[in-house]
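Beneath this line is the structure, given in C-alpha coordinates, with notes to follow.
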Amino acid sequence: MRNHPPHITRRRIYFINPRFQGGTALLFAFLVALGGAVFWWRIDRELGQALQEISLRGHYSMKSAHEVVRDLLAWRLVALFAGVYLAGAAVFLLLLRAILLGAARAVGTLRASAEGDLSTPTPTGGSAEFNRFGKQLDGARGETLMLLREIRGEAASLASGNPPPEEFRLRWDGLKEKIRGIAP
Amino acid sequence: MIHVHRPYRLWFLTRLGINFAGGVAVLAVILYLVLSRPLPGDYSALYYSLLTLSAFLRRIIAISVLAYVLLSIGSTALLCVFGLHKMAGPLYRMERVIEGYLEGASTRPVSFRPGDQFEPLAEAFNGWIGTLRKDRQRLLTRMETAERLCLQDEATCRAEMENALREVEAELSRYH
(Lines give C-alpha, C1' and ligand atoms only; values in the text may rest on other atoms or scores of the structure.)
Protein backbone atom coordinates (compact mmCIF):
# COMPACT_ATOMS: atom_id res chain seq x y z
CA MET A 1 0.00 0.00 0.00
CA ARG A 2 1.36 3.37 -0.94
CA ASN A 3 1.58 6.00 1.69
CA HIS A 4 0.64 9.37 0.34
CA PRO A 5 2.31 12.33 2.01
CA PRO A 6 -0.17 14.23 4.13
CA HIS A 7 -1.61 17.19 2.30
CA ILE A 8 -0.85 20.29 4.29
CA THR A 9 -3.53 22.94 4.08
CA ARG A 10 -2.73 26.29 5.64
CA ARG A 11 -5.74 28.07 6.99
CA ARG A 12 -5.71 31.67 5.95
CA ILE A 13 -6.37 34.00 8.84
CA TYR A 14 -8.51 36.97 7.99
CA PHE A 15 -9.61 38.39 11.35
CA ILE A 16 -6.21 39.52 12.52
CA ASN A 17 -6.63 42.74 14.37
CA PRO A 18 -9.92 43.23 16.25
CA ARG A 19 -9.01 46.81 17.11
CA PHE A 20 -8.37 47.81 13.51
CA GLN A 21 -10.80 45.63 11.55
CA GLY A 22 -13.47 45.62 14.28
CA GLY A 23 -13.06 49.33 14.96
CA THR A 24 -13.51 50.18 11.29
CA ALA A 25 -16.56 47.91 11.07
CA LEU A 26 -18.04 49.71 14.10
CA LEU A 27 -17.48 53.08 12.44
CA PHE A 28 -19.29 51.92 9.31
CA ALA A 29 -22.05 50.38 11.45
CA PHE A 30 -22.54 53.72 13.17
CA LEU A 31 -22.87 55.47 9.79
CA VAL A 32 -25.38 52.90 8.52
CA ALA A 33 -27.42 53.13 11.72
CA LEU A 34 -27.34 56.92 11.62
CA GLY A 35 -28.41 56.94 7.96
CA GLY A 36 -31.19 54.46 8.72
CA ALA A 37 -32.41 56.55 11.66
CA VAL A 38 -32.49 59.75 9.62
CA PHE A 39 -34.24 57.95 6.76
CA TRP A 40 -36.80 56.45 9.14
CA TRP A 41 -37.46 59.81 10.81
CA ARG A 42 -37.91 61.62 7.47
CA ILE A 43 -39.84 58.98 5.55
CA ASP A 44 -42.14 58.13 8.44
CA ARG A 45 -43.32 61.72 8.59
CA GLU A 46 -43.44 62.34 4.85
CA LEU A 47 -45.09 59.09 3.74
CA GLY A 48 -47.77 59.31 6.42
CA GLN A 49 -48.43 62.90 5.45
CA ALA A 50 -48.61 62.05 1.72
CA LEU A 51 -51.03 59.18 2.30
CA GLN A 52 -53.24 61.26 4.59
CA GLU A 53 -53.31 64.10 2.08
CA ILE A 54 -54.27 61.83 -0.79
CA SER A 55 -56.98 60.13 1.30
CA LEU A 56 -58.51 63.49 2.09
CA ARG A 57 -58.32 64.76 -1.49
CA GLY A 58 -60.77 62.14 -2.72
CA HIS A 59 -59.68 61.85 -6.35
CA TYR A 60 -58.31 58.36 -6.34
CA SER A 61 -56.77 57.58 -9.68
CA MET A 62 -54.01 55.31 -8.31
CA LYS A 63 -53.98 51.53 -8.06
CA SER A 64 -51.68 51.34 -5.01
CA ALA A 65 -50.17 53.55 -2.33
CA HIS A 66 -46.81 53.07 -3.98
CA GLU A 67 -47.96 55.18 -6.91
CA VAL A 68 -48.52 58.07 -4.50
CA VAL A 69 -45.17 57.92 -2.76
CA ARG A 70 -43.01 56.47 -5.57
CA ASP A 71 -41.03 59.62 -6.37
CA LEU A 72 -40.66 60.68 -2.77
CA LEU A 73 -39.51 57.22 -1.75
CA ALA A 74 -37.10 56.96 -4.68
CA TRP A 75 -35.44 60.27 -3.81
CA ARG A 76 -35.18 59.40 -0.14
CA LEU A 77 -33.64 56.02 -0.98
CA VAL A 78 -31.13 57.65 -3.32
CA ALA A 79 -30.33 60.20 -0.61
CA LEU A 80 -29.89 57.41 1.95
CA PHE A 81 -27.49 55.51 -0.30
CA ALA A 82 -25.55 58.62 -1.33
CA GLY A 83 -25.31 59.94 2.22
CA VAL A 84 -24.17 56.71 3.80
CA TYR A 85 -21.83 55.82 0.94
CA LEU A 86 -20.18 59.23 0.76
CA ALA A 87 -19.75 59.34 4.52
CA GLY A 88 -18.41 55.76 4.48
CA ALA A 89 -15.98 56.53 1.66
CA ALA A 90 -14.82 59.67 3.48
CA VAL A 91 -14.28 57.67 6.69
CA PHE A 92 -12.34 55.02 4.78
CA LEU A 93 -10.13 57.59 3.04
CA LEU A 94 -9.47 59.45 6.29
CA LEU A 95 -8.64 56.18 8.00
CA LEU A 96 -6.32 55.29 5.15
CA ARG A 97 -4.63 58.67 5.43
CA ALA A 98 -4.04 58.20 9.15
CA ILE A 99 -2.70 54.69 8.59
CA LEU A 100 -0.39 55.82 5.79
CA LEU A 101 0.88 58.65 7.96
CA GLY A 102 1.65 56.18 10.75
CA ALA A 103 3.27 53.73 8.34
CA ALA A 104 5.38 56.49 6.75
CA ARG A 105 6.62 57.53 10.19
CA ALA A 106 7.53 53.94 11.06
CA VAL A 107 9.38 53.59 7.75
CA GLY A 108 11.19 56.89 8.39
CA THR A 109 12.24 55.67 11.84
CA LEU A 110 13.53 52.37 10.44
CA ARG A 111 15.51 54.18 7.73
CA ALA A 112 16.98 56.56 10.31
CA SER A 113 17.86 53.52 12.44
CA ALA A 114 19.81 52.04 9.53
CA GLU A 115 21.79 55.28 9.44
CA GLY A 116 22.57 55.06 13.16
CA ASP A 117 19.79 57.05 14.83
CA LEU A 118 18.39 54.68 17.42
CA SER A 119 17.34 57.22 20.02
CA THR A 120 14.91 59.62 18.32
CA PRO A 121 11.43 58.29 19.14
CA THR A 122 9.01 57.45 16.35
CA PRO A 123 6.70 60.45 15.93
CA THR A 124 3.18 59.78 17.15
CA GLY A 125 -0.12 60.88 15.63
CA GLY A 126 -2.24 59.38 12.90
CA SER A 127 -3.30 55.79 13.40
CA ALA A 128 -3.46 54.36 16.92
CA GLU A 129 -2.29 51.01 15.56
CA PHE A 130 0.89 52.53 14.16
CA ASN A 131 1.43 54.55 17.33
CA ARG A 132 1.46 51.27 19.22
CA PHE A 133 3.77 49.75 16.64
CA GLY A 134 6.02 52.82 16.85
CA LYS A 135 6.37 52.33 20.62
CA GLN A 136 7.23 48.67 20.10
CA LEU A 137 9.76 49.63 17.45
CA ASP A 138 11.30 52.23 19.77
CA GLY A 139 11.64 49.50 22.38
CA ALA A 140 13.58 47.31 19.92
CA ARG A 141 15.76 50.26 18.87
CA GLY A 142 16.42 51.15 22.51
CA GLU A 143 17.50 47.57 23.29
CA THR A 144 19.80 47.59 20.27
CA LEU A 145 21.30 50.93 21.25
CA MET A 146 21.92 49.68 24.79
CA LEU A 147 23.74 46.63 23.46
CA LEU A 148 25.82 48.70 21.03
CA ARG A 149 26.73 51.18 23.76
CA GLU A 150 27.70 48.32 26.04
CA ILE A 151 29.93 46.84 23.32
CA ARG A 152 31.42 50.23 22.56
CA GLY A 153 32.11 50.93 26.24
CA GLU A 154 33.65 47.53 26.75
CA ALA A 155 35.85 47.92 23.64
CA ALA A 156 37.03 51.34 24.84
CA SER A 157 37.73 50.11 28.35
CA LEU A 158 39.58 47.05 27.08
CA ALA A 159 41.68 49.06 24.64
CA SER A 160 42.79 51.62 27.18
CA GLY A 161 42.58 49.74 30.49
CA ASN A 162 45.71 47.63 30.04
CA PRO A 163 44.37 44.58 31.93
CA PRO A 164 46.54 41.48 32.52
CA PRO A 165 46.69 39.09 29.51
CA GLU A 166 44.34 36.44 31.04
CA GLU A 167 41.69 38.97 31.89
CA PHE A 168 42.18 40.66 28.51
CA ARG A 169 41.58 37.37 26.69
CA LEU A 170 38.48 36.59 28.75
CA ARG A 171 36.96 40.01 28.15
CA TRP A 172 37.95 39.88 24.46
CA ASP A 173 36.02 36.60 24.06
CA GLY A 174 33.10 38.04 26.01
CA LEU A 175 33.05 41.06 23.72
CA LYS A 176 32.98 38.84 20.65
CA GLU A 177 30.04 36.97 22.10
CA LYS A 178 28.21 40.23 22.70
CA ILE A 179 28.91 41.34 19.11
CA ARG A 180 27.44 38.06 17.89
CA GLY A 181 24.27 39.07 19.72
CA ILE A 182 23.72 42.10 17.45
CA ALA A 183 20.69 41.44 15.24
CA PRO A 184 20.61 37.67 15.79
CA MET B 1 6.78 57.13 -0.42
CA ILE B 2 4.47 54.66 1.24
CA HIS B 3 1.04 54.17 -0.30
CA VAL B 4 -1.89 51.81 -0.54
CA HIS B 5 -2.31 50.29 -3.99
CA ARG B 6 -4.91 52.16 -6.05
CA PRO B 7 -6.69 48.96 -7.27
CA TYR B 8 -7.08 47.83 -3.65
CA ARG B 9 -8.48 51.22 -2.66
CA LEU B 10 -10.92 51.19 -5.57
CA TRP B 11 -11.86 47.59 -4.86
CA PHE B 12 -12.70 48.42 -1.25
CA LEU B 13 -14.70 51.53 -2.15
CA THR B 14 -16.61 49.60 -4.84
CA ARG B 15 -17.42 46.76 -2.44
CA LEU B 16 -18.51 49.30 0.16
CA GLY B 17 -20.82 50.87 -2.43
CA ILE B 18 -22.20 47.47 -3.42
CA ASN B 19 -22.88 46.64 0.24
CA PHE B 20 -24.72 49.88 0.91
CA ALA B 21 -26.59 49.67 -2.42
CA GLY B 22 -27.62 46.11 -1.55
CA GLY B 23 -29.01 47.27 1.78
CA VAL B 24 -30.91 50.13 0.16
CA ALA B 25 -32.23 47.75 -2.52
CA VAL B 26 -33.61 45.41 0.16
CA LEU B 27 -35.22 48.38 1.90
CA ALA B 28 -36.73 49.52 -1.42
CA VAL B 29 -38.08 46.03 -2.15
CA ILE B 30 -39.70 45.68 1.29
CA LEU B 31 -41.34 49.11 1.02
CA TYR B 32 -42.41 48.38 -2.56
CA LEU B 33 -44.00 45.07 -1.57
CA VAL B 34 -45.91 46.72 1.28
CA LEU B 35 -46.98 49.83 -0.58
CA SER B 36 -47.79 48.26 -3.94
CA ARG B 37 -50.64 46.10 -2.67
CA PRO B 38 -53.70 46.96 -4.78
CA LEU B 39 -56.10 49.32 -3.12
CA PRO B 40 -59.83 48.52 -2.99
CA GLY B 41 -62.00 49.96 -5.77
CA ASP B 42 -64.80 51.78 -3.93
CA TYR B 43 -64.39 55.21 -2.40
CA SER B 44 -64.95 54.51 1.29
CA ALA B 45 -62.92 51.28 1.39
CA LEU B 46 -60.06 53.06 -0.35
CA TYR B 47 -60.29 55.99 2.05
CA TYR B 48 -60.08 53.74 5.09
CA SER B 49 -57.43 51.60 3.49
CA LEU B 50 -55.17 54.64 2.98
CA LEU B 51 -55.82 55.87 6.51
CA THR B 52 -55.07 52.43 7.96
CA LEU B 53 -51.93 52.16 5.88
CA SER B 54 -50.67 55.54 7.07
CA ALA B 55 -51.32 54.44 10.67
CA PHE B 56 -49.35 51.21 10.24
CA LEU B 57 -46.66 52.79 8.16
CA ARG B 58 -44.45 53.66 11.13
CA ARG B 59 -44.11 50.00 12.11
CA ILE B 60 -43.56 48.88 8.54
CA ILE B 61 -40.88 51.48 7.93
CA ALA B 62 -39.21 50.67 11.26
CA ILE B 63 -39.00 46.97 10.38
CA SER B 64 -37.73 47.62 6.86
CA VAL B 65 -35.12 50.12 8.09
CA LEU B 66 -34.04 47.60 10.73
CA ALA B 67 -33.62 44.99 7.98
CA TYR B 68 -31.56 47.49 5.97
CA VAL B 69 -29.38 48.37 8.96
CA LEU B 70 -28.74 44.75 9.93
CA LEU B 71 -28.01 43.66 6.38
CA SER B 72 -25.70 46.59 5.64
CA ILE B 73 -23.86 46.27 8.97
CA GLY B 74 -23.43 42.52 8.53
CA SER B 75 -22.08 42.76 5.00
CA THR B 76 -19.85 45.73 5.86
CA ALA B 77 -18.44 43.92 8.90
CA LEU B 78 -17.55 40.99 6.62
CA LEU B 79 -15.98 43.42 4.16
CA CYS B 80 -13.88 44.91 6.97
CA VAL B 81 -12.72 41.48 8.08
CA PHE B 82 -11.97 40.10 4.60
CA GLY B 83 -10.94 43.38 2.97
CA LEU B 84 -8.85 45.08 5.62
CA HIS B 85 -6.71 42.04 6.47
CA LYS B 86 -4.37 43.17 3.67
CA MET B 87 -3.51 46.15 5.85
CA ALA B 88 -3.95 44.55 9.27
CA GLY B 89 -1.87 41.48 8.30
CA PRO B 90 1.42 43.24 7.54
CA LEU B 91 1.19 45.26 10.75
CA TYR B 92 0.49 42.10 12.76
CA ARG B 93 3.43 40.38 11.07
CA MET B 94 5.75 43.28 11.86
CA GLU B 95 4.63 43.28 15.50
CA ARG B 96 5.41 39.56 15.81
CA VAL B 97 8.81 40.07 14.15
CA ILE B 98 9.71 42.89 16.57
CA GLU B 99 8.54 40.75 19.50
CA GLY B 100 10.81 37.95 18.29
CA TYR B 101 13.68 40.41 17.88
CA LEU B 102 13.22 41.66 21.45
CA GLU B 103 13.22 38.10 22.72
CA GLY B 104 16.52 37.48 20.94
CA ALA B 105 15.14 35.05 18.36
CA SER B 106 16.83 34.81 14.99
CA THR B 107 15.29 37.44 12.71
CA ARG B 108 14.67 36.34 9.14
CA PRO B 109 13.98 38.81 6.33
CA VAL B 110 10.36 39.93 6.50
CA SER B 111 8.16 39.40 3.47
CA PHE B 112 4.43 39.92 3.20
CA ARG B 113 1.74 37.87 1.46
CA PRO B 114 0.94 38.67 -2.18
CA GLY B 115 -1.41 41.62 -2.35
CA ASP B 116 -0.55 42.90 1.14
CA GLN B 117 0.03 46.60 1.60
CA PHE B 118 2.96 48.48 3.22
CA GLU B 119 5.88 46.66 1.51
CA PRO B 120 8.20 49.63 2.30
CA LEU B 121 7.77 48.78 5.98
CA ALA B 122 9.24 45.31 5.45
CA GLU B 123 11.96 46.73 3.18
CA ALA B 124 12.94 49.37 5.75
CA PHE B 125 13.02 46.80 8.56
CA ASN B 126 15.09 44.39 6.45
CA GLY B 127 17.39 47.31 5.59
CA TRP B 128 17.94 48.14 9.26
CA ILE B 129 18.60 44.53 10.27
CA GLY B 130 20.84 44.13 7.21
CA THR B 131 22.94 47.16 8.24
CA LEU B 132 23.28 45.83 11.79
CA ARG B 133 24.37 42.45 10.47
CA LYS B 134 26.91 43.97 8.10
CA ASP B 135 28.34 45.94 11.03
CA ARG B 136 28.41 42.82 13.19
CA GLN B 137 30.22 40.88 10.48
CA ARG B 138 32.72 43.69 9.93
CA LEU B 139 33.49 43.94 13.65
CA LEU B 140 33.93 40.19 14.04
CA THR B 141 36.12 40.01 10.94
CA ARG B 142 38.31 42.80 12.28
CA MET B 143 38.67 41.06 15.65
CA GLU B 144 39.43 37.71 14.02
CA THR B 145 42.07 39.35 11.83
CA ALA B 146 43.71 40.70 14.99
CA GLU B 147 43.56 37.21 16.58
CA ARG B 148 45.41 35.74 13.62
CA LEU B 149 48.37 37.96 14.43
CA CYS B 150 48.66 36.23 17.81
CA LEU B 151 50.61 33.53 16.02
CA GLN B 152 53.43 36.11 16.02
CA ASP B 153 54.89 37.59 19.20
CA GLU B 154 52.74 38.58 22.21
CA ALA B 155 53.38 42.31 21.92
CA THR B 156 52.26 42.51 18.27
CA CYS B 157 49.18 40.45 19.13
CA ARG B 158 48.17 42.73 21.99
CA ALA B 159 48.83 45.89 19.98
CA GLU B 160 46.80 44.61 17.05
CA MET B 161 43.95 43.57 19.36
CA GLU B 162 43.89 47.00 20.95
CA ASN B 163 43.83 48.57 17.49
CA ALA B 164 40.88 46.35 16.59
CA LEU B 165 39.08 47.41 19.78
CA ARG B 166 39.60 51.07 18.94
CA GLU B 167 38.16 50.42 15.50
CA VAL B 168 35.18 48.66 17.06
CA GLU B 169 34.64 51.69 19.28
CA ALA B 170 34.95 54.08 16.34
CA GLU B 171 32.67 51.96 14.18
CA LEU B 172 29.94 51.95 16.83
CA SER B 173 30.22 55.67 17.52
CA ARG B 174 27.85 56.38 14.62
CA TYR B 175 25.02 54.88 16.66
CA HIS B 176 23.38 57.37 18.96
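By order of appearance in the C-alpha coordinates: chains A, B, ..., then residues from 1 within every chain, and ligands from 1 in the order shown.
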- Message: Please check the contacts: residues of chain A at most 7 Å away from chain B, using only C-alpha atoms, listed as number ranges by chain.
- Response: A: 14-17, 20-21, 24-25, 29, 32-33, 36, 40, 44, 48, 51-52, 55, 63-66, 77, 81, 85, 89, 100, 104, 107, 110-111, 113-114, 116-119, 133, 137, 140, 148, 152, 155-156, 159, 176, 179-180, 182-184
- Please report, as a PyMOL selection string, each residue of chain B to which DSSP assigns helix (DSSP H, G or I) when run on this structure's backbone. chain B and resi 6-35+43-102+119-151+154-172
- Query: Which distance in Å separates atom CA of A:Arg171 and atom CA of A:Leu158, to one decimal?
  - Reply: 7.6 Å
- Item | Separation of atom CA of A:Pro164 from atom CA of B:Glu160 in Å | 15.8 Å
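In terms of minimum interatomic distance to A:Ile99, A:Gly126 ranks closest within A:Gly126, A:Gly83, A:Pro121, A:Gly23, counting only C-alpha atoms.
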- Coordinates-based distance that separates atom CA of B:Leu10 from atom CA of B:Gly115 (Å, one decimal): 13.9 Å
- Shell around A:Gly125 at 10 Å using only C-alpha atoms, local window under 4 positions removed, as a PyMOL selection string: chain A and resi 98-99+101-102+105+130-131
Store the residues picked out above in a file with N, CA, C and O atoms, as a PDB file, in the first residue's frame.
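File written: result_27.pdb
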```pdb
ATOM      1  N   ALA A  98      -4.659  58.324   7.820  1.00  0.00           N
ATOM      2  CA  ALA A  98      -4.042  58.204   9.152  1.00  0.00           C
ATOM      3  C   ALA A  98      -3.102  57.005   9.192  1.00  0.00           C
ATOM      4  O   ALA A  98      -2.002  57.082   9.760  1.00  0.00           O
ATOM      5  N   ILE A  99      -3.518  55.912   8.583  1.00  0.00           N
ATOM      6  CA  ILE A  99      -2.697  54.693   8.589  1.00  0.00           C
ATOM      7  C   ILE A  99      -1.413  54.923   7.790  1.00  0.00           C
ATOM      8  O   ILE A  99      -0.324  54.549   8.222  1.00  0.00           O
ATOM      9  N   LEU A 101       0.032  57.719   7.214  1.00  0.00           N
ATOM     10  CA  LEU A 101       0.876  58.652   7.964  1.00  0.00           C
ATOM     11  C   LEU A 101       1.682  57.881   9.014  1.00  0.00           C
ATOM     12  O   LEU A 101       2.901  58.067   9.147  1.00  0.00           O
ATOM     13  N   GLY A 102       0.991  57.003   9.733  1.00  0.00           N
ATOM     14  CA  GLY A 102       1.654  56.178  10.754  1.00  0.00           C
ATOM     15  C   GLY A 102       2.701  55.269  10.132  1.00  0.00           C
ATOM     16  O   GLY A 102       3.818  55.140  10.654  1.00  0.00           O
ATOM     17  N   ARG A 105       5.770  57.165   9.050  1.00  0.00           N
ATOM     18  CA  ARG A 105       6.615  57.526  10.194  1.00  0.00           C
ATOM     19  C   ARG A 105       7.445  56.332  10.660  1.00  0.00           C
ATOM     20  O   ARG A 105       8.619  56.469  10.992  1.00  0.00           O
ATOM     21  N   PHE A 130      -0.510  52.238  14.471  1.00  0.00           N
ATOM     22  CA  PHE A 130       0.887  52.527  14.158  1.00  0.00           C
ATOM     23  C   PHE A 130       1.579  53.238  15.308  1.00  0.00           C
ATOM     24  O   PHE A 130       2.798  53.127  15.448  1.00  0.00           O
ATOM     25  N   ASN A 131       0.826  53.957  16.133  1.00  0.00           N
ATOM     26  CA  ASN A 131       1.431  54.554  17.333  1.00  0.00           C
ATOM     27  C   ASN A 131       1.930  53.453  18.259  1.00  0.00           C
ATOM     28  O   ASN A 131       3.017  53.539  18.830  1.00  0.00           O
TER      29      ASN A 131
END
```
